[in-house]
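Colleague: What follows is input_39.pdb, made up of PDB, C-alpha atoms and all ligand atoms:
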```pdb
ATOM      1  CA  MET A   1     -41.193 -60.516 -65.995
ATOM      2  CA  GLU A   2     -41.459 -61.183 -69.726
ATOM      3  CA  TYR A   3     -44.524 -63.096 -70.832
ATOM      4  CA  ARG A   4     -44.696 -64.942 -74.115
ATOM      5  CA  VAL A   5     -48.286 -63.953 -74.778
ATOM      6  CA  GLN A   6     -49.511 -60.385 -74.958
ATOM      7  CA  ILE A   7     -52.932 -59.448 -73.633
ATOM      8  CA  ALA A   8     -54.754 -56.641 -75.456
ATOM      9  CA  PRO A   9     -58.075 -55.727 -73.833
ATOM     10  CA  SER A  10     -60.725 -54.527 -76.294
ATOM     11  CA  MET A  11     -61.878 -51.083 -75.203
ATOM     12  CA  LEU A  12     -65.241 -51.755 -76.865
ATOM     13  CA  ALA A  13     -66.216 -53.471 -73.611
ATOM     14  CA  ALA A  14     -64.889 -50.660 -71.395
ATOM     15  CA  ASP A  15     -67.122 -48.360 -69.382
ATOM     16  CA  PHE A  16     -67.117 -45.147 -71.424
ATOM     17  CA  LEU A  17     -68.319 -43.152 -68.431
ATOM     18  CA  HIS A  18     -65.220 -44.283 -66.543
ATOM     19  CA  LEU A  19     -62.734 -44.539 -69.365
ATOM     20  CA  ASP A  20     -59.892 -43.178 -67.211
ATOM     21  CA  ARG A  21     -60.287 -46.091 -64.826
ATOM     22  CA  ASP A  22     -60.333 -48.685 -67.616
ATOM     23  CA  VAL A  23     -57.345 -47.085 -69.388
ATOM     24  CA  GLU A  24     -55.436 -47.244 -66.116
ATOM     25  CA  LEU A  25     -56.261 -50.940 -65.793
ATOM     26  CA  VAL A  26     -54.655 -51.640 -69.178
ATOM     27  CA  ASN A  27     -51.670 -49.409 -68.349
ATOM     28  CA  GLN A  28     -51.023 -51.361 -65.188
ATOM     29  CA  HIS A  29     -51.931 -54.926 -66.091
ATOM     30  CA  ALA A  30     -52.064 -55.517 -69.848
ATOM     31  CA  ASP A  31     -49.814 -55.086 -72.909
ATOM     32  CA  ALA A  32     -51.785 -53.062 -75.464
ATOM     33  CA  PHE A  33     -55.062 -51.271 -76.107
ATOM     34  CA  HIS A  34     -57.212 -52.979 -78.744
ATOM     35  CA  LEU A  35     -59.396 -50.350 -80.425
ATOM     36  CA  ASP A  36     -62.314 -51.662 -82.501
ATOM     37  CA  ILE A  37     -63.330 -49.222 -85.210
ATOM     38  CA  MET A  38     -66.620 -50.104 -86.961
ATOM     39  CA  ASP A  39     -68.350 -48.098 -89.658
ATOM     40  CA  GLY A  40     -71.784 -49.690 -90.007
ATOM     41  CA  ILE A  41     -70.929 -50.619 -93.605
ATOM     42  CA  PHE A  42     -68.167 -53.235 -93.529
ATOM     43  CA  VAL A  43     -69.840 -54.574 -90.366
ATOM     44  CA  PRO A  44     -73.432 -53.983 -89.246
ATOM     45  CA  ASN A  45     -72.426 -52.145 -86.091
ATOM     46  CA  ILE A  46     -70.961 -48.687 -85.368
ATOM     47  CA  SER A  47     -68.494 -48.384 -82.475
ATOM     48  CA  TYR A  48     -66.527 -45.193 -81.838
ATOM     49  CA  GLY A  49     -64.168 -42.897 -83.676
ATOM     50  CA  PHE A  50     -61.360 -40.408 -83.270
ATOM     51  CA  PRO A  51     -62.604 -38.470 -80.194
ATOM     52  CA  ILE A  52     -62.465 -41.661 -78.122
ATOM     53  CA  VAL A  53     -59.213 -42.899 -79.702
ATOM     54  CA  GLU A  54     -57.589 -39.523 -78.990
ATOM     55  CA  ALA A  55     -58.788 -39.526 -75.385
ATOM     56  CA  ILE A  56     -57.352 -43.013 -74.827
ATOM     57  CA  ALA A  57     -54.110 -42.026 -76.588
ATOM     58  CA  ARG A  58     -53.586 -39.114 -74.193
ATOM     59  CA  GLU A  59     -53.484 -41.425 -71.156
ATOM     60  CA  ALA A  60     -52.146 -44.631 -72.708
ATOM     61  CA  LYS A  61     -48.764 -45.915 -71.551
ATOM     62  CA  LYS A  62     -49.095 -49.119 -73.600
ATOM     63  CA  PRO A  63     -49.176 -49.401 -77.418
ATOM     64  CA  LEU A  64     -52.402 -48.704 -79.298
ATOM     65  CA  ASP A  65     -53.617 -51.467 -81.606
ATOM     66  CA  ALA A  66     -56.454 -50.287 -83.856
ATOM     67  CA  HIS A  67     -58.600 -52.900 -85.614
ATOM     68  CA  LEU A  68     -60.357 -51.298 -88.580
ATOM     69  CA  MET A  69     -63.633 -52.942 -89.536
ATOM     70  CA  ILE A  70     -64.371 -50.320 -92.158
ATOM     71  CA  VAL A  71     -64.472 -49.904 -95.919
ATOM     72  CA  HIS A  72     -61.635 -47.839 -97.396
ATOM     73  CA  PRO A  73     -59.214 -48.232 -94.467
ATOM     74  CA  GLU A  74     -56.522 -46.667 -96.700
ATOM     75  CA  LYS A  75     -58.250 -43.291 -96.322
ATOM     76  CA  TYR A  76     -57.570 -43.176 -92.584
ATOM     77  CA  VAL A  77     -54.030 -44.533 -92.299
ATOM     78  CA  ASP A  78     -52.379 -41.134 -91.856
ATOM     79  CA  ARG A  79     -54.980 -40.018 -89.352
ATOM     80  CA  PHE A  80     -54.359 -43.078 -87.154
ATOM     81  CA  ALA A  81     -50.622 -42.524 -87.393
ATOM     82  CA  LYS A  82     -51.085 -38.948 -86.259
ATOM     83  CA  VAL A  83     -53.125 -39.997 -83.215
ATOM     84  CA  GLY A  84     -50.227 -42.219 -82.179
ATOM     85  CA  VAL A  85     -51.511 -45.674 -83.090
ATOM     86  CA  ASP A  86     -48.696 -48.257 -83.137
ATOM     87  CA  MET A  87     -50.389 -51.261 -84.735
ATOM     88  CA  LEU A  88     -53.054 -50.899 -87.408
ATOM     89  CA  SER A  89     -55.048 -53.782 -88.865
ATOM     90  CA  PHE A  90     -57.675 -53.908 -91.600
ATOM     91  CA  HIS A  91     -59.698 -56.695 -93.196
ATOM     92  CA  LEU A  92     -58.322 -58.556 -96.205
ATOM     93  CA  ASN A  93     -61.608 -58.328 -98.074
ATOM     94  CA  ALA A  94     -62.132 -54.622 -97.305
ATOM     95  CA  VAL A  95     -59.582 -53.539 -99.916
ATOM     96  CA  GLU A  96     -58.692 -54.280-103.507
ATOM     97  CA  ASN A  97     -54.949 -54.356-103.022
ATOM     98  CA  PRO A  98     -53.965 -55.541 -99.518
ATOM     99  CA  GLY A  99     -50.224 -55.377-100.258
ATOM    100  CA  GLN A 100     -50.510 -51.727-101.141
ATOM    101  CA  VAL A 101     -52.318 -50.847 -97.909
ATOM    102  CA  LEU A 102     -49.822 -52.861 -95.834
ATOM    103  CA  ALA A 103     -47.003 -50.876 -97.458
ATOM    104  CA  GLN A 104     -48.859 -47.631 -96.789
ATOM    105  CA  ILE A 105     -49.130 -48.492 -93.068
ATOM    106  CA  TRP A 106     -45.398 -49.356 -92.847
ATOM    107  CA  ALA A 107     -44.595 -46.075 -94.613
ATOM    108  CA  ALA A 108     -46.707 -44.166 -92.082
ATOM    109  CA  GLY A 109     -44.522 -45.590 -89.302
ATOM    110  CA  MET A 110     -46.972 -48.174 -87.937
ATOM    111  CA  LYS A 111     -46.990 -51.970 -87.777
ATOM    112  CA  PRO A 112     -49.571 -53.388 -90.201
ATOM    113  CA  GLY A 113     -51.922 -56.276 -89.579
ATOM    114  CA  LEU A 114     -54.289 -58.185 -91.836
ATOM    115  CA  ALA A 115     -57.568 -59.511 -90.406
ATOM    116  CA  ILE A 116     -59.930 -62.239 -91.591
ATOM    117  CA  ASN A 117     -63.358 -63.369 -90.451
ATOM    118  CA  PRO A 118     -63.995 -67.035 -89.548
ATOM    119  CA  ASP A 119     -65.469 -67.836 -92.999
ATOM    120  CA  ILE A 120     -62.396 -66.798 -94.973
ATOM    121  CA  PRO A 121     -59.786 -69.505 -95.647
ATOM    122  CA  VAL A 122     -56.548 -68.801 -93.740
ATOM    123  CA  GLU A 123     -54.718 -69.690 -96.957
ATOM    124  CA  ASN A 124     -55.920 -66.360 -98.388
ATOM    125  CA  LEU A 125     -53.507 -64.649 -95.981
ATOM    126  CA  PHE A 126     -50.450 -66.644 -97.089
ATOM    127  CA  PRO A 127     -49.321 -64.377 -99.959
ATOM    128  CA  TYR A 128     -49.217 -61.380 -97.592
ATOM    129  CA  LEU A 129     -47.702 -62.860 -94.430
ATOM    130  CA  ASP A 130     -44.191 -61.581 -95.149
ATOM    131  CA  GLN A 131     -45.533 -58.019 -95.428
ATOM    132  CA  CYS A 132     -47.435 -58.168 -92.127
ATOM    133  CA  HIS A 133     -46.276 -57.433 -88.609
ATOM    134  CA  TYR A 134     -49.307 -59.430 -87.472
ATOM    135  CA  VAL A 135     -52.449 -61.142 -88.616
ATOM    136  CA  VAL A 136     -55.784 -60.946 -86.833
ATOM    137  CA  LEU A 137     -57.536 -64.287 -86.784
ATOM    138  CA  MET A 138     -61.140 -63.551 -85.893
ATOM    139  CA  SER A 139     -62.627 -66.159 -83.564
ATOM    140  CA  VAL A 140     -66.088 -64.546 -83.886
ATOM    141  CA  PHE A 141     -67.583 -62.637 -86.815
ATOM    142  CA  ALA A 142     -66.401 -59.046 -86.648
ATOM    143  CA  GLY A 143     -69.037 -56.556 -85.575
ATOM    144  CA  PHE A 144     -69.958 -57.132 -81.956
ATOM    145  CA  GLY A 145     -68.325 -57.772 -78.620
ATOM    146  CA  GLY A 146     -69.545 -60.507 -76.297
ATOM    147  CA  GLN A 147     -69.980 -63.286 -78.878
ATOM    148  CA  LYS A 148     -69.222 -66.956 -78.360
ATOM    149  CA  PHE A 149     -65.758 -68.226 -79.341
ATOM    150  CA  ILE A 150     -65.789 -70.372 -82.512
ATOM    151  CA  GLU A 151     -64.016 -73.696 -81.849
ATOM    152  CA  ALA A 152     -62.787 -74.120 -85.445
ATOM    153  CA  THR A 153     -60.318 -71.325 -84.629
ATOM    154  CA  TYR A 154     -57.818 -73.775 -83.102
ATOM    155  CA  ASP A 155     -57.281 -75.662 -86.377
ATOM    156  CA  ARG A 156     -57.116 -72.427 -88.372
ATOM    157  CA  LEU A 157     -54.551 -71.107 -85.939
ATOM    158  CA  LYS A 158     -52.375 -74.204 -86.269
ATOM    159  CA  THR A 159     -52.485 -74.011 -90.073
ATOM    160  CA  LEU A 160     -51.482 -70.359 -89.954
ATOM    161  CA  LYS A 161     -48.695 -70.936 -87.441
ATOM    162  CA  THR A 162     -47.294 -73.818 -89.513
ATOM    163  CA  GLU A 163     -47.175 -71.627 -92.618
ATOM    164  CA  ILE A 164     -45.502 -68.723 -90.780
ATOM    165  CA  ASP A 165     -42.839 -71.120 -89.467
ATOM    166  CA  ARG A 166     -42.449 -72.679 -92.917
ATOM    167  CA  GLN A 167     -41.833 -69.244 -94.423
ATOM    168  CA  GLY A 168     -39.408 -68.528 -91.570
ATOM    169  CA  ILE A 169     -40.807 -65.057 -91.002
ATOM    170  CA  GLU A 170     -41.686 -63.006 -87.933
ATOM    171  CA  CYS A 171     -45.394 -62.504 -88.278
ATOM    172  CA  HIS A 172     -47.342 -62.409 -85.030
ATOM    173  CA  ILE A 173     -50.770 -63.969 -84.639
ATOM    174  CA  GLN A 174     -53.514 -62.123 -82.817
ATOM    175  CA  VAL A 175     -56.733 -63.945 -81.912
ATOM    176  CA  ASP A 176     -59.806 -61.754 -81.493
ATOM    177  CA  GLY A 177     -63.268 -62.590 -80.213
ATOM    178  CA  GLY A 178     -64.666 -64.585 -77.316
ATOM    179  CA  VAL A 179     -61.222 -65.040 -75.767
ATOM    180  CA  SER A 180     -61.119 -65.686 -72.020
ATOM    181  CA  ALA A 181     -59.085 -67.440 -69.339
ATOM    182  CA  ALA A 182     -60.900 -70.635 -70.372
ATOM    183  CA  ASN A 183     -59.381 -70.822 -73.872
ATOM    184  CA  ALA A 184     -56.229 -68.675 -73.551
ATOM    185  CA  SER A 185     -53.730 -71.447 -72.833
ATOM    186  CA  ARG A 186     -54.922 -73.655 -75.698
ATOM    187  CA  LEU A 187     -54.743 -70.668 -78.059
ATOM    188  CA  VAL A 188     -51.157 -69.982 -77.017
ATOM    189  CA  GLU A 189     -50.290 -73.673 -77.461
ATOM    190  CA  CYS A 190     -51.693 -73.482 -81.001
ATOM    191  CA  GLY A 191     -49.519 -70.469 -81.828
ATOM    192  CA  ALA A 192     -51.273 -67.269 -80.703
ATOM    193  CA  ASP A 193     -48.976 -64.387 -79.711
ATOM    194  CA  ILE A 194     -51.546 -61.708 -78.860
ATOM    195  CA  LEU A 195     -54.909 -62.339 -77.244
ATOM    196  CA  VAL A 196     -57.670 -59.751 -77.533
ATOM    197  CA  ALA A 197     -60.316 -59.906 -74.823
ATOM    198  CA  GLY A 198     -63.177 -57.498 -74.279
ATOM    199  CA  SER A 199     -66.048 -58.875 -72.236
ATOM    200  CA  ALA A 200     -63.936 -61.413 -70.379
ATOM    201  CA  VAL A 201     -61.826 -58.569 -68.953
ATOM    202  CA  PHE A 202     -64.130 -55.597 -68.531
ATOM    203  CA  LYS A 203     -67.320 -57.403 -67.512
ATOM    204  CA  ALA A 204     -65.416 -59.273 -64.815
ATOM    205  CA  GLU A 205     -65.601 -58.385 -61.163
ATOM    206  CA  ASP A 206     -61.800 -58.330 -60.979
ATOM    207  CA  PRO A 207     -60.390 -57.492 -64.457
ATOM    208  CA  ALA A 208     -56.767 -57.551 -63.277
ATOM    209  CA  ALA A 209     -57.232 -61.090 -61.983
ATOM    210  CA  VAL A 210     -58.688 -62.183 -65.316
ATOM    211  CA  ILE A 211     -55.666 -60.768 -67.178
ATOM    212  CA  ALA A 212     -53.356 -62.563 -64.742
ATOM    213  CA  ALA A 213     -55.288 -65.812 -65.236
ATOM    214  CA  MET A 214     -55.051 -65.468 -69.024
ATOM    215  CA  ARG A 215     -51.279 -65.238 -68.854
TER     216      ARG A 215
HETATM  217  C1  LIG B   1     -65.364 -57.932 -82.654
HETATM  218  C2  LIG B   1     -64.155 -57.171 -82.180
HETATM  219  C3  LIG B   1     -63.505 -57.763 -80.970
HETATM  220  C4  LIG B   1     -64.401 -57.761 -79.777
HETATM  221  C5  LIG B   1     -63.809 -58.575 -78.673
HETATM  222  O1  LIG B   1     -65.851 -57.323 -83.789
HETATM  223  O2  LIG B   1     -63.177 -57.126 -83.194
HETATM  224  O3  LIG B   1     -62.297 -57.096 -80.695
HETATM  225  O4  LIG B   1     -64.669 -56.480 -79.296
HETATM  226  O5  LIG B   1     -64.717 -58.616 -77.640
HETATM  227  P1  LIG B   1     -65.063 -59.958 -76.852
HETATM  228  O6  LIG B   1     -63.820 -60.360 -76.145
HETATM  229  O7  LIG B   1     -66.161 -59.530 -75.936
HETATM  230  O8  LIG B   1     -65.483 -60.977 -77.865
HETATM  231 ZN    ZN B   2     -61.134 -56.414 -82.626
END
```
Kindly transcribe the structure held in the file into structure tokens.
Ligand code: DX5
Ligand code: ZN
Modeller:
Amino acid sequence: MEYRVQIAPSMLAADFLHLDRDVELVNQHADAFHLDIMDGIFVPNISYGFPIVEAIAREAKKPLDAHLMIVHPEKYVDRFAKVGVDMLSFHLNAVENPGQVLAQIWAAGMKPGLAINPDIPVENLFPYLDQCHYVVLMSVFAGFGGQKFIEATYDRLKTLKTEIDRQGIECHIQVDGGVSAANASRLVECGADILVAGSAVFKAEDPAAVIAAMR
């Protein structure tokens, strides 16, 4: 069965002592692996790096979607391509020339995405939408899992969706942060194509049921 919305569990909330089990859950029930890469500089937190990404890549049967919350993402594009990442996003304000980095990601054979935090006007993305495979609309401030969903996201999402339709382009919208079965349907109604969920999935008693409920 084809679903309109894709569910990408954030592995930040996985159990790293039982990563095989959590990778299998995504393989069987979800659509992509969302990999949060934090450097302690662009965001105050440090997550994980290549050893974990490589381990997940070895067992993954679904696409890898890496979300770079780091300074100088352009330095690591080739490395992520080599690991087998399919979708690679970075933050608009982490680079001087977003268009150049988007082109670099396309050239490396991956699908580029541009991310923005909740305090950055969605309009700042407009000049780059036609160069993106997707945009990452943060519904919490990047840096930590388990934060509360910011309600202003719905209006931002609608504005973004309207502009993508106006431009007549195929740019997907990913919503990231505090997403759960409680807000999934409204997000899809407002134009979301990919939902990232960490805590809601992995901290649940029955993660597969949560993914099913989100669809
Ligand atoms: C936040 C990350 C998110 C986060 C999602 O910096 O980009 O991907 O891990 O986790 P939850 O769903 O717990 O907010
Ligand atoms: Zn993320």
Colleague: Residue by residue, what does the PyMOL selection byres (((chain A and resi 109) around 10) and not hetatm) grab here? Present the result as a PyMOL selection string.
Modeller: chain A and resi 78+81-82+84-87+104-108+110-112
Colleague: Using the selection just defined, write its residues with C-alpha atoms as a JSON list (two decimals), in the coordinates of the input.
Modeller:
```json
[["chain", "number", "residue", "atom", "x", "y", "z"],
["A", 78, "ASP", "CA", -52.38, -41.13, -91.86],
["A", 81, "ALA", "CA", -50.62, -42.52, -87.39],
["A", 82, "LYS", "CA", -51.08, -38.95, -86.26],
["A", 84, "GLY", "CA", -50.23, -42.22, -82.18],
["A", 85, "VAL", "CA", -51.51, -45.67, -83.09],
["A", 86, "ASP", "CA", -48.70, -48.26, -83.14],
["A", 87, "MET", "CA", -50.39, -51.26, -84.74],
["A", 104, "GLN", "CA", -48.86, -47.63, -96.79],
["A", 105, "ILE", "CA", -49.13, -48.49, -93.07],
["A", 106, "TRP", "CA", -45.40, -49.36, -92.85],
["A", 107, "ALA", "CA", -44.60, -46.08, -94.61],
["A", 108, "ALA", "CA", -46.71, -44.17, -92.08],
["A", 110, "MET", "CA", -46.97, -48.17, -87.94],
["A", 111, "LYS", "CA", -46.99, -51.97, -87.78],
["A", 112, "PRO", "CA", -49.57, -53.39, -90.20]]
```
Colleague: State, in Å with one decimal place, the distance from CA of Phe202 (chain A) to CA of Gly145 (chain A).
Modeller: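 Value for the CA of Phe202 (chain A)-CA of Gly145 (chain A) distance: 11.1 Å.
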Colleague: My list of candidates is A:Val135, A:Ile37, A:Leu64, A:Leu102. Which is closest to ligand ZN 2 (chain B) when distances are computed with only C-alpha atoms and all ligand atoms?
Modeller: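 Using only C-alpha atoms and all ligand atoms, the shortest distance to ligand ZN 2 (chain B) belongs to A:Ile37.
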Colleague: Once 8 Å is added on each side, what centre and edge lengths in Å to one decimal does the axis-aligned box around all listed atoms of ligand LIG 1 (chain B) have, as JSON?
Modeller:
```
{"center_x": -64.2, "center_y": -58.7, "center_z": -79.9, "size_x": 19.9, "size_y": 20.5, "size_z": 23.9}
```
Colleague: List all protein, DNA and RNA residues that have at least one atom no more than 8 Å from any atom of ligand LIG 1 (chain B), counting only C-alpha atoms and all ligand atoms, and write them as a PyMOL selection string.
Modeller: chain A and resi 9-13+34-36+38+67+69+138+140-149+176-180+196-201
Colleague: Taking 4 positions as the minimum chain separation for residues in the same chain, which residues sit within 9 Å of Tyr128 (chain A) when counting all atoms listed in the file? Answer as a PyMOL selection string.
Modeller: chain A and resi 98-99+102+114+124+132
Colleague: Counting all atoms listed in the file, which residue out of A:Asp130, A:Asp39, A:Asp31, A:Asp65 sits closest to Ser89 (chain A)?
Modeller: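 When distances to Ser89 (chain A) are compared using all atoms listed in the file, the smallest one comes from A:Asp65.
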Colleague: Translate the PyMOL selection byres (((chain A and resi 210) around 10) and not hetatm) into a concrete residue list for this structure, as JSON, numbers by chain.
Modeller: {"A": [29, 180, 181, 197, 200, 201, 202, 204, 205, 206, 207, 208, 209, 211, 212, 213, 214, 215]}
Colleague: For this structure, which residues satisfy the selection - the PyMOL selection byres (((chain A and resi 72) around 12) and not hetatm) - when it is evaluated on the file as given? I want them as a list of chain:residue names.
Modeller: A:Met38, A:Asp39, A:Ile41, A:Phe42, A:Leu68, A:Met69, A:Ile70, A:Val71, A:Pro73, A:Glu74, A:Lys75, A:Tyr76, A:Val77, A:Phe90, A:His91, A:Leu92, A:Asn93, A:Ala94, A:Val95, A:Glu96, A:Asn97, A:Pro98, A:Val101
Colleague: From the list A:Gly168, A:Gly40, A:Pro51, A:Gly191, which residue is nearest Phe80 (chain A) when using all atoms listed in the file?
Modeller: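 Closest to Phe80 (chain A), using all atoms listed in the file: A:Pro51.
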Colleague: At a cut-off of 8 Å around the point (-44.6, -59.5, -87.7) (file coordinates), what residues fall inside when counting all atoms listed in the file? I'd like the answer as a ChimeraX atom specification.
Modeller: /A:111,130-134,169-172
Colleague: Quick one: distance from CA of Glu151 (chain A) to CA of Ile173 (chain A) in Å, one decimal?
Modeller: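 CA of Ile173 (chain A) lies 16.7 Å from CA of Glu151 (chain A).
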Colleague: Work out how far apart CA of Ala103 (chain A) and CA of Val53 (chain A) are and give it in Å to one decimal.
Modeller: 23.0 Å
Colleague: Which residue, A:Thr153, A:Thr162, A:Asn27, A:Gln174, has the smallest gap to ligand ZN 2 (chain B) when you use all atoms listed in the file?
Modeller: A:Gln174
Colleague: Quick one: everything within 12 Å of Thr159 (chain A), counting only C-alpha atoms, minus sequence neighbours fewer than 5 positions away in the same chain. Send it as a list in words.
Modeller: Pro121, Val122, Glu123, Asn124, Leu125, Phe126, Leu137, Ala152, Thr153, Tyr154, Ile164, Asp165, Arg166, Ile173, Cys190, Gly191 and Ala192 of chain A
Colleague: Hey, which of A:Leu129, A:Val188, A:Leu19, A:Val43 ends up closest to ligand ZN 2 (chain B)? Count all atoms listed in the file.
Modeller: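 With all atoms listed in the file as the atom set, the closest residue is A:Val43.
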Colleague: In terms of the shortest atom-to-atom distance over only C-alpha atoms and all ligand atoms, which of A:Val136, A:Arg4, A:Asp155, A:Leu17 is closest to ligand ZN 2 (chain B)?
Modeller: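 Nearest to ligand ZN 2 (chain B): A:Val136.
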Colleague: Can you write region 15-23 of chain A from the block above with all heavy atoms, as a tab-separated table (two decimals), in the first residue's frame?
Modeller:
```tsv
chain	number	residue	atom	x	y	z
A	15	ASP	N	17.56	3.12	21.02
A	15	ASP	CA	18.34	2.53	22.11
A	15	ASP	C	19.66	2.05	21.51
A	15	ASP	O	19.70	1.05	20.79
A	15	ASP	CB	17.54	1.36	22.71
A	15	ASP	CG	18.29	0.71	23.86
A	15	ASP	OD1	19.49	1.01	24.05
A	15	ASP	OD2	17.68	-0.09	24.57
A	16	PHE	N	20.74	2.78	21.79
A	16	PHE	CA	22.02	2.48	21.14
A	16	PHE	C	22.64	1.17	21.62
A	16	PHE	O	23.57	0.68	20.99
A	16	PHE	CB	22.99	3.66	21.30
A	16	PHE	CG	22.57	4.86	20.49
A	16	PHE	CD1	21.88	5.92	21.07
A	16	PHE	CD2	22.83	4.91	19.13
A	16	PHE	CE1	21.46	7.00	20.31
A	16	PHE	CE2	22.42	6.00	18.35
A	16	PHE	CZ	21.73	7.04	18.95
A	17	LEU	N	22.10	0.61	22.67
A	17	LEU	CA	22.57	-0.72	23.10
A	17	LEU	C	21.82	-1.82	22.35
A	17	LEU	O	22.20	-2.98	22.40
A	17	LEU	CB	22.38	-0.90	24.60
A	17	LEU	CG	23.46	-0.30	25.49
A	17	LEU	CD1	23.14	-0.54	26.96
A	17	LEU	CD2	24.83	-0.89	25.17
A	18	HIS	N	20.74	-1.42	21.69
A	18	HIS	CA	19.94	-2.40	20.92
A	18	HIS	C	19.62	-1.81	19.56
A	18	HIS	O	18.48	-1.87	19.11
A	18	HIS	CB	18.65	-2.74	21.67
A	18	HIS	CG	18.90	-3.31	23.02
A	18	HIS	ND1	19.23	-4.63	23.23
A	18	HIS	CD2	18.90	-2.72	24.23
A	18	HIS	CE1	19.41	-4.83	24.53
A	18	HIS	NE2	19.22	-3.69	25.16
A	19	LEU	N	20.65	-1.27	18.93
A	19	LEU	CA	20.45	-0.57	17.67
A	19	LEU	C	19.91	-1.50	16.59
A	19	LEU	O	19.09	-1.10	15.76
A	19	LEU	CB	21.79	0.04	17.23
A	19	LEU	CG	21.77	1.25	16.31
A	19	LEU	CD1	20.76	2.29	16.74
A	19	LEU	CD2	23.17	1.87	16.27
A	20	ASP	N	20.34	-2.77	16.61
A	20	ASP	CA	19.86	-3.73	15.60
A	20	ASP	C	18.34	-3.86	15.66
A	20	ASP	O	17.67	-3.88	14.64
A	20	ASP	CB	20.54	-5.09	15.78
A	20	ASP	CG	20.51	-5.61	17.20
A	20	ASP	OD1	20.10	-4.85	18.12
A	20	ASP	OD2	20.88	-6.77	17.41
A	21	ARG	N	17.81	-3.89	16.87
A	21	ARG	CA	16.36	-4.02	17.03
A	21	ARG	C	15.64	-2.78	16.49
A	21	ARG	O	14.64	-2.88	15.78
A	21	ARG	CB	16.05	-4.20	18.53
A	21	ARG	CG	14.62	-4.54	18.84
A	21	ARG	CD	14.33	-4.34	20.33
A	21	ARG	NE	14.52	-2.94	20.70
A	21	ARG	CZ	14.70	-2.50	21.95
A	21	ARG	NH1	14.76	-3.36	22.95
A	21	ARG	NH2	14.84	-1.21	22.19
A	22	ASP	N	16.18	-1.60	16.80
A	22	ASP	CA	15.52	-0.36	16.37
A	22	ASP	C	15.67	-0.13	14.86
A	22	ASP	O	14.79	0.44	14.21
A	22	ASP	CB	16.03	0.83	17.18
A	22	ASP	CG	15.48	0.80	18.61
A	22	ASP	OD1	14.56	0.00	18.86
A	22	ASP	OD2	15.97	1.56	19.46
A	23	VAL	N	16.80	-0.59	14.28
A	23	VAL	CA	16.97	-0.49	12.83
A	23	VAL	C	15.95	-1.40	12.15
A	23	VAL	O	15.32	-1.04	11.15
A	23	VAL	CB	18.42	-0.87	12.43
A	23	VAL	CG1	18.53	-1.10	10.92
A	23	VAL	CG2	19.39	0.22	12.86
```
